[in-house]
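Below is one structure, written out as structure tokens; the observations come after it.
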Amino acid sequence: MGKTVGAPILEVEGVSLSFGGVVALQAVTFDVREHEIRAIIGPNGAGKSSLLNVINGFYHPQQGSISFKGRRRRQVDPHEAAQAGIARTFQNIALFRGMTVLDNLMTGRTLKMTSNFLQQALYWGAARREELEHRAKIEEVIDFLEIQHIRKTPVGRLPYGLQKRVELGRALAAEPQLLLLDEPMAGMNLEEKQDMCRFILDVNDQFGTTIVLIEHDMSVVMDLSDRVAVLDYGRKIADGAPDEVRRDQAVIDAYLGVAH
Amino acid sequence: MLLEEASTDTFPRLLLKQVEIRPDRPAIREKDLGIWQSWTWTQVVERVRALACGLAAQGFRRGDRLAIIGDNRPRLYWSMMAAQALGGIPVPLYQDAVAGEMAFVLGDAEIEYAVAEDQEQVDKLLEILPQWPRLRRIYFDDPRGLRHYAQAELMSLDSLEAIGRDFAGRNPEFFLDEIGKGEPSDVAVILYTSGTTGNPKGVSQTHAAMIRTAGVLVEFDGIGKGDDLLCYLPMAWVGDFLYSYAQVHIAGFCLNCPESPDTVMTDLREIGPTYFFAPPRIYENILTQVMIRIEDAGWVKRRMFRAFMGVAKRAGMKILEGKPAPLVDRLLYRLGEVFVYGPLKNVLGMSRIRVAYTGGEAIGPDLFDFYRSIGINLKQLYGMTETCVTVCMQSSGDVRLDTVGRPMPGVEVRIAGSGEVLVRSPGVMKEYYRRADATREVIDAEGFFHTGDAGYFDADGHLKIIDRAKDVGKLADGTLFAPKYLENKLKFFPYIKEAVCFGDRREKVCAFVNIDMAAVGNWAEKRNLSYTGYADLAGKPEVRDLVRECVEKVNRDLAADPALGNSQIRRFLILHKELDADDGELTRTRKVRRRFIGEKYDSLVNALYSGEAGCHVETQMRFEDGRAGTVSADLAIVDAKTFDDAAARKAA
């Protein structure tokens, strides 16, 4: 592979997050380098999704800081994160079920729209020009994800695997620099998983997008990712290349349990 | 007129002619990024020139073979044109073949240059490369995923075209000179036939054969520049070469490439083709989808659909064929066209269809009648790769369910003593590529091609294909016995899933029947018949009567046919278990293994022929979990009514 991993684009430093008495993250430090595929793994409740939510501003940590593209801050809001070039998908698909695939993808372009409400309502002037440009961009995503055949199908009618693909499409529509994928392959069959793996690799390769993903399927994680971070009870217990992590005793204990 | 004119032509010269006649009309369209893109004839010839010059610059010589692998895409068609312009031979391959199958064809056709659609096809070719190192160049259309491939053999079609434009700049006369050197007797294409046994064979078809055949077709259905065709069937199939590629060169209409194989139904609707070909299973899928959606529709729509389909069934075919129909039915049919048939055809993308064809296998009567009754001019044809298809076709207004029509102009059809259909026509292939032995086996000294199919002409001169020649036998009294033909007739009933007919060298025909569990189960539930499983249901006297009615209907049909009248089914039994590939009774593609079944159940066969009223049977069978066990049952043997010729005519 001719891929070159660059300098860190995202750095999470000493982040702690708790909800009342429940500690979700404890002094987690973690970085993502430009153009890499970074996996976060860990048992249920380890804090993986919380970490993603901290990165894109859903949760505000009590301690620690996050810096994205060199800008360090304690808190970000989701819209700021999106504006800065972070897009994500959710563990439980969060699409508009009654809308078509096309319309759902179009929502991914909202941030890039500049025409005002009146223009959009009348489909006039800048709004018209803009819509055509956005539609062209969306068509590229549709072509990329090979979902031409469901362009006009309401999302609610699609099988689960395709919904996941549409959600990835909406994230891609925002042309992100950093893509956060929360269990992109959960509940998929083998063929759907293989397709999704290929799309993730292609996104990373063709658009140069940096990817952080949470995944349970270990074989997928080992095949896809450049580096893996392992969380357990809100703490990072290992970090490194997939092979190192696989051999790490703390990781084996966390996954298989230890005799007490 | 077309016939003589075509005789000096090659495909590249026809291309130049089209550019002269209609330079700015669209020649080909493809849906890309959600929009139908089109290329005019002038643009097409420019792209073909670039590709041809590029290939020449890369060492592609007259007579070289160019493999084409992928879905129907404009650039793959242009690559075929480019190869032909240089006097080379395109060899389209089935895009879903696995690497092993492709390796055989590459080696057999000695292919050094290949055009592949995308990464998937490139990967297969690279996998074959160690076995077939003579493959020098692989050109790809879609660069996605191929950025990091460093193999020296790989090049994009974009780069090839750039090389070609450069080459053409330095040698401006080259392209036309090369086209000038082509001869109509040159091989235009090699199409590999799947062949049921052994390795595939490459059918070499000349420019003259394809062009003359396509000329006949264009005249037959009056195809012209206003027509539209969606090319969605594999490029490696002779039909795509003939209907899409060859016809477009002659008639100059527009070819439409679907956006992706999954979007064909949508694309069909957007394009609204006027000429359509599909094998029976596609028509069946479409009908099934329609029926499912009607079941889900509200009751008003459902009632309307049922009522008007009743009218269509009564009068639609007569109206389509211009035969007299009662005035009331005509008026109702008009109304139906507005409320049901028209919208339905629109949804299916069939509003503009002038002629639709089906072929390749038998089509069920319900299916055939459905399309014809809503006003779609569905017709049947008969042919194979070796004859450029086009042996027999039904002309509009002369369509029948159980024949394939009359021989086409210029085609001689002869029935051999064994019942085999022999064909001599301008479309008969030149040879199997590098297989003189196989060629001699199928083309005799007089130039007749032996099709391997058994058939006969009925009283009106229509050809009726009944079976593969090797499966056809004779009853003791010399009547033709075509088991598959009888079995298919039985299987067209929804209640019958499989049937096995016996009768070769015996005095009468008897049959085993498998009922269709879902359909018969449903039928039984509606009648409050309780049953425990397949064997129980199959043993019910009511079910036996149901099947007997089906068999008797088949017999009535057969009686009307003098050649087959004596092969009516006299006795049958319903098997106590479903025939299964795991027990070796069916092939994996679900064809019955008649001889194996006959031997396995010889006690049942004997009982059928000895006139007993029943028989006890014990059979080994393999259950789905892999265990083997035995089932036993007492089967009743049923006598079916037979009909004589005159009575059947009266009834019909």
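Letters A, B, ... go to the chains of the structure tokens in the order shown; residues in each chain start at 1; ligands are counted from 1 in the same order.
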
Determine, using only C-alpha atoms, which residues of chain B have any atom at most 9 Å from an atom of chain A, and tabulate each with its shortest atom pair and distance in Å to one decimal place, rows ordered by chain and then rising number, as CSV.
```
residue,atom,partner,partner_atom,distance
B:Asp32,CA,A:Asp143,CA,8.2
B:Leu33,CA,A:Glu139,CA,5.0
B:Gly34,CA,A:Glu139,CA,6.3
B:Arg144,CA,A:Gln206,CA,8.2
B:Gly145,CA,A:Asp202,CA,6.7
B:Arg147,CA,A:Gln206,CA,8.5
B:His148,CA,A:Met1,CA,6.4
B:Tyr149,CA,A:Met1,CA,8.8
B:Glu259,CA,A:Gln148,CA,7.5
B:Ser260,CA,A:Gln148,CA,7.3
B:Pro261,CA,A:His149,CA,8.8
B:Asp262,CA,A:His149,CA,5.7
B:Thr263,CA,A:His149,CA,4.7
B:Val264,CA,A:His149,CA,8.4
B:Met265,CA,A:His149,CA,8.9
B:Thr266,CA,A:His149,CA,7.7
```

For C-alpha atoms, I'd like the residues from the last selection saved as an mmCIF file, in the first residue's frame.
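Just written: again04.cif:
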```
data_model
loop_
_atom_site.group_PDB
_atom_site.id
_atom_site.type_symbol
_atom_site.label_atom_id
_atom_site.label_comp_id
_atom_site.auth_asym_id
_atom_site.auth_seq_id
_atom_site.Cartn_x
_atom_site.Cartn_y
_atom_site.Cartn_z
ATOM 1 C CA ASP B 32 -23.937 8.083 -14.920
ATOM 2 C CA LEU B 33 -24.094 10.100 -11.691
ATOM 3 C CA GLY B 34 -27.861 10.095 -11.952
ATOM 4 C CA ARG B 144 -11.635 2.871 -8.634
ATOM 5 C CA GLY B 145 -9.586 0.834 -6.189
ATOM 6 C CA ARG B 147 -4.636 3.293 -7.733
ATOM 7 C CA HIS B 148 -2.059 1.199 -5.943
ATOM 8 C CA TYR B 149 -1.822 -1.592 -8.494
ATOM 9 C CA GLU B 259 -26.625 2.696 -14.559
ATOM 10 C CA SER B 260 -25.831 -0.547 -12.770
ATOM 11 C CA PRO B 261 -27.116 -4.113 -12.910
ATOM 12 C CA ASP B 262 -29.332 -3.370 -9.890
ATOM 13 C CA THR B 263 -31.099 -0.410 -11.472
ATOM 14 C CA VAL B 264 -32.330 -2.117 -14.638
ATOM 15 C CA MET B 265 -36.007 -1.867 -13.655
ATOM 16 C CA THR B 266 -35.749 1.878 -12.986
#
```

Can you pull out every residue within 9 Å of region 101-114 of chain A, counting only C-alpha atoms, but drop anything in the same chain fewer than 6 positions away, and send it as a PDB file with N, CA and C atoms, in the first residue's frame?
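Dumped to around_24.pdb:
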```pdb
ATOM      1  N   HIS A  79     -22.030  21.235  16.384  1.00  0.00           N
ATOM      2  CA  HIS A  79     -22.030  21.938  15.099  1.00  0.00           C
ATOM      3  C   HIS A  79     -20.654  22.494  14.775  1.00  0.00           C
ATOM      4  N   ALA A  82     -18.677  19.610  13.447  1.00  0.00           N
ATOM      5  CA  ALA A  82     -19.076  19.333  12.074  1.00  0.00           C
ATOM      6  C   ALA A  82     -18.460  20.351  11.126  1.00  0.00           C
ATOM      7  N   GLN A  83     -18.532  21.620  11.538  1.00  0.00           N
ATOM      8  CA  GLN A  83     -17.976  22.684  10.700  1.00  0.00           C
ATOM      9  C   GLN A  83     -16.469  22.500  10.502  1.00  0.00           C
ATOM     10  N   LEU A  95     -31.130   7.898  10.898  1.00  0.00           N
ATOM     11  CA  LEU A  95     -31.525   8.517   9.629  1.00  0.00           C
ATOM     12  C   LEU A  95     -32.976   8.963   9.739  1.00  0.00           C
ATOM     13  N   ALA A 126     -29.349  31.801  -6.092  1.00  0.00           N
ATOM     14  CA  ALA A 126     -28.258  31.009  -5.527  1.00  0.00           C
ATOM     15  C   ALA A 126     -28.737  29.618  -5.103  1.00  0.00           C
ATOM     16  N   ALA A 127     -29.972  29.542  -4.608  1.00  0.00           N
ATOM     17  CA  ALA A 127     -30.484  28.275  -4.094  1.00  0.00           C
ATOM     18  C   ALA A 127     -30.490  27.219  -5.188  1.00  0.00           C
ATOM     19  N   GLU A 130     -26.961  26.248  -6.158  1.00  0.00           N
ATOM     20  CA  GLU A 130     -26.372  25.477  -5.081  1.00  0.00           C
ATOM     21  C   GLU A 130     -26.921  24.053  -5.039  1.00  0.00           C
ATOM     22  N   GLU A 131     -28.230  23.952  -5.213  1.00  0.00           N
ATOM     23  CA  GLU A 131     -28.848  22.642  -5.142  1.00  0.00           C
ATOM     24  C   GLU A 131     -28.261  21.710  -6.207  1.00  0.00           C
ATOM     25  N   HIS A 134     -24.830  20.637  -5.089  1.00  0.00           N
ATOM     26  CA  HIS A 134     -24.896  19.649  -4.009  1.00  0.00           C
ATOM     27  C   HIS A 134     -25.373  18.305  -4.530  1.00  0.00           C
ATOM     28  N   ARG A 135     -26.342  18.357  -5.436  1.00  0.00           N
ATOM     29  CA  ARG A 135     -26.863  17.114  -5.989  1.00  0.00           C
ATOM     30  C   ARG A 135     -25.745  16.374  -6.733  1.00  0.00           C
ATOM     31  N   ILE A 138     -23.643  14.709  -4.218  1.00  0.00           N
ATOM     32  CA  ILE A 138     -24.353  13.557  -3.660  1.00  0.00           C
ATOM     33  C   ILE A 138     -24.296  12.381  -4.634  1.00  0.00           C
ATOM     34  N   GLU A 139     -24.433  12.693  -5.922  1.00  0.00           N
ATOM     35  CA  GLU A 139     -24.395  11.615  -6.915  1.00  0.00           C
ATOM     36  C   GLU A 139     -23.044  10.896  -6.901  1.00  0.00           C
ATOM     37  N   VAL A 141     -21.264  10.449  -4.241  1.00  0.00           N
ATOM     38  CA  VAL A 141     -21.313   9.561  -3.078  1.00  0.00           C
ATOM     39  C   VAL A 141     -22.141   8.313  -3.402  1.00  0.00           C
ATOM     40  N   ILE A 142     -23.270   8.526  -4.092  1.00  0.00           N
ATOM     41  CA  ILE A 142     -24.144   7.402  -4.461  1.00  0.00           C
ATOM     42  C   ILE A 142     -23.385   6.425  -5.339  1.00  0.00           C
ATOM     43  N   ILE A 147     -25.175   2.685  -4.476  1.00  0.00           N
ATOM     44  CA  ILE A 147     -26.560   2.616  -4.005  1.00  0.00           C
ATOM     45  C   ILE A 147     -27.493   3.293  -5.004  1.00  0.00           C
ATOM     46  N   ILE A 150     -31.303   2.428  -5.006  1.00  0.00           N
ATOM     47  CA  ILE A 150     -32.239   2.789  -3.929  1.00  0.00           C
ATOM     48  C   ILE A 150     -32.337   4.280  -3.760  1.00  0.00           C
ATOM     49  N   ARG A 151     -31.830   5.033  -4.754  1.00  0.00           N
ATOM     50  CA  ARG A 151     -31.813   6.491  -4.685  1.00  0.00           C
ATOM     51  C   ARG A 151     -33.126   7.063  -4.151  1.00  0.00           C
ATOM     52  N   LYS A 152     -34.235   6.566  -4.683  1.00  0.00           N
ATOM     53  CA  LYS A 152     -35.521   7.195  -4.351  1.00  0.00           C
ATOM     54  C   LYS A 152     -36.363   6.347  -3.402  1.00  0.00           C
ATOM     55  N   THR A 153     -35.740   5.416  -2.717  1.00  0.00           N
ATOM     56  CA  THR A 153     -36.475   4.574  -1.780  1.00  0.00           C
ATOM     57  C   THR A 153     -36.448   5.211  -0.395  1.00  0.00           C
ATOM     58  N   PRO A 154     -37.592   5.246   0.293  1.00  0.00           N
ATOM     59  CA  PRO A 154     -37.569   5.736   1.668  1.00  0.00           C
ATOM     60  C   PRO A 154     -36.663   4.849   2.523  1.00  0.00           C
ATOM     61  N   VAL A 155     -35.864   5.468   3.380  1.00  0.00           N
ATOM     62  CA  VAL A 155     -34.869   4.731   4.149  1.00  0.00           C
ATOM     63  C   VAL A 155     -35.497   3.649   5.019  1.00  0.00           C
ATOM     64  N   GLN A 163     -29.137   0.463   5.195  1.00  0.00           N
ATOM     65  CA  GLN A 163     -29.307   1.684   5.990  1.00  0.00           C
ATOM     66  C   GLN A 163     -27.965   2.148   6.536  1.00  0.00           C
ATOM     67  N   VAL A 166     -26.201   3.878   3.850  1.00  0.00           N
ATOM     68  CA  VAL A 166     -26.736   5.223   3.611  1.00  0.00           C
ATOM     69  C   VAL A 166     -26.223   6.184   4.683  1.00  0.00           C
ATOM     70  N   GLU A 167     -26.131   5.690   5.913  1.00  0.00           N
ATOM     71  CA  GLU A 167     -25.656   6.568   6.977  1.00  0.00           C
ATOM     72  C   GLU A 167     -24.197   6.967   6.739  1.00  0.00           C
ATOM     73  N   GLY A 169     -22.984   7.203   3.853  1.00  0.00           N
ATOM     74  CA  GLY A 169     -23.094   8.146   2.745  1.00  0.00           C
ATOM     75  C   GLY A 169     -23.389   9.548   3.230  1.00  0.00           C
ATOM     76  N   ARG A 170     -24.271   9.673   4.220  1.00  0.00           N
ATOM     77  CA  ARG A 170     -24.597  11.002   4.717  1.00  0.00           C
ATOM     78  C   ARG A 170     -23.373  11.640   5.353  1.00  0.00           C
ATOM     79  N   ALA A 171     -22.603  10.829   6.084  1.00  0.00           N
ATOM     80  CA  ALA A 171     -21.378  11.371   6.684  1.00  0.00           C
ATOM     81  C   ALA A 171     -20.410  11.804   5.593  1.00  0.00           C
ATOM     82  N   LEU A 172     -20.314  11.006   4.516  1.00  0.00           N
ATOM     83  CA  LEU A 172     -19.387  11.354   3.434  1.00  0.00           C
ATOM     84  C   LEU A 172     -19.834  12.604   2.682  1.00  0.00           C
ATOM     85  N   ALA A 173     -21.151  12.809   2.640  1.00  0.00           N
ATOM     86  CA  ALA A 173     -21.675  13.962   1.912  1.00  0.00           C
ATOM     87  C   ALA A 173     -21.123  15.260   2.486  1.00  0.00           C
ATOM     88  N   ALA A 174     -20.777  15.247   3.761  1.00  0.00           N
ATOM     89  CA  ALA A 174     -20.245  16.451   4.404  1.00  0.00           C
ATOM     90  C   ALA A 174     -18.768  16.659   4.076  1.00  0.00           C
ATOM     91  N   GLU A 175     -18.200  15.780   3.265  1.00  0.00           N
ATOM     92  CA  GLU A 175     -16.781  15.837   2.904  1.00  0.00           C
ATOM     93  C   GLU A 175     -15.894  16.027   4.125  1.00  0.00           C
TER      94      GLU A 175
END
```

Using only C-alpha atoms, which of B:Val389, B:Ala416, B:Cys501, B:Ala103 sits nearest Phe241 (chain B)?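 The shortest atom-to-atom distance to Phe241 (chain B) comes from B:Val389.
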
Name all residues at most 9 Å from Ser67 (chain A) (count only C-alpha atoms; drop same-chain ones fewer than 3 positions away) and give them as a list of chain:residue names.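 Here the qualifying residues turn out to be A:Ile9, A:Leu10, A:Glu11, A:Val12, A:Glu13, A:Gly70, A:Arg71, A:Arg72, A:Arg73, A:Arg74.
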
Could you save the residues just selected, with N, CA and C atoms, as a PDB file, in the first residue's frame?
```
ATOM      1  N   ILE A   9      -3.684  14.502  13.781  1.00  0.00           N
ATOM      2  CA  ILE A   9      -4.693  15.496  13.399  1.00  0.00           C
ATOM      3  C   ILE A   9      -5.622  15.742  14.585  1.00  0.00           C
ATOM      4  N   LEU A  10      -5.748  14.690  15.428  1.00  0.00           N
ATOM      5  CA  LEU A  10      -6.622  14.807  16.598  1.00  0.00           C
ATOM      6  C   LEU A  10      -5.861  14.302  17.825  1.00  0.00           C
ATOM      7  N   GLU A  11      -5.890  15.125  18.888  1.00  0.00           N
ATOM      8  CA  GLU A  11      -5.263  14.665  20.128  1.00  0.00           C
ATOM      9  C   GLU A  11      -6.233  14.843  21.290  1.00  0.00           C
ATOM     10  N   VAL A  12      -6.450  13.755  21.993  1.00  0.00           N
ATOM     11  CA  VAL A  12      -7.314  13.799  23.166  1.00  0.00           C
ATOM     12  C   VAL A  12      -6.385  13.637  24.362  1.00  0.00           C
ATOM     13  N   GLU A  13      -6.427  14.617  25.284  1.00  0.00           N
ATOM     14  CA  GLU A  13      -5.465  14.546  26.384  1.00  0.00           C
ATOM     15  C   GLU A  13      -6.151  14.512  27.734  1.00  0.00           C
ATOM     16  N   GLY A  70      -4.776  21.171  15.369  1.00  0.00           N
ATOM     17  CA  GLY A  70      -3.960  22.167  16.065  1.00  0.00           C
ATOM     18  C   GLY A  70      -4.732  23.120  16.953  1.00  0.00           C
ATOM     19  N   ARG A  71      -6.071  23.079  16.934  1.00  0.00           N
ATOM     20  CA  ARG A  71      -6.818  23.992  17.804  1.00  0.00           C
ATOM     21  C   ARG A  71      -7.242  23.236  19.059  1.00  0.00           C
ATOM     22  N   ARG A  72      -6.703  23.718  20.214  1.00  0.00           N
ATOM     23  CA  ARG A  72      -6.957  23.013  21.461  1.00  0.00           C
ATOM     24  C   ARG A  72      -8.123  23.648  22.195  1.00  0.00           C
ATOM     25  N   ARG A  73      -9.036  22.851  22.700  1.00  0.00           N
ATOM     26  CA  ARG A  73     -10.105  23.398  23.535  1.00  0.00           C
ATOM     27  C   ARG A  73     -10.643  22.343  24.492  1.00  0.00           C
ATOM     28  N   ARG A  74     -11.279  22.830  25.542  1.00  0.00           N
ATOM     29  CA  ARG A  74     -11.858  21.946  26.534  1.00  0.00           C
ATOM     30  C   ARG A  74     -13.155  21.348  26.011  1.00  0.00           C
TER      31      ARG A  74
END
```
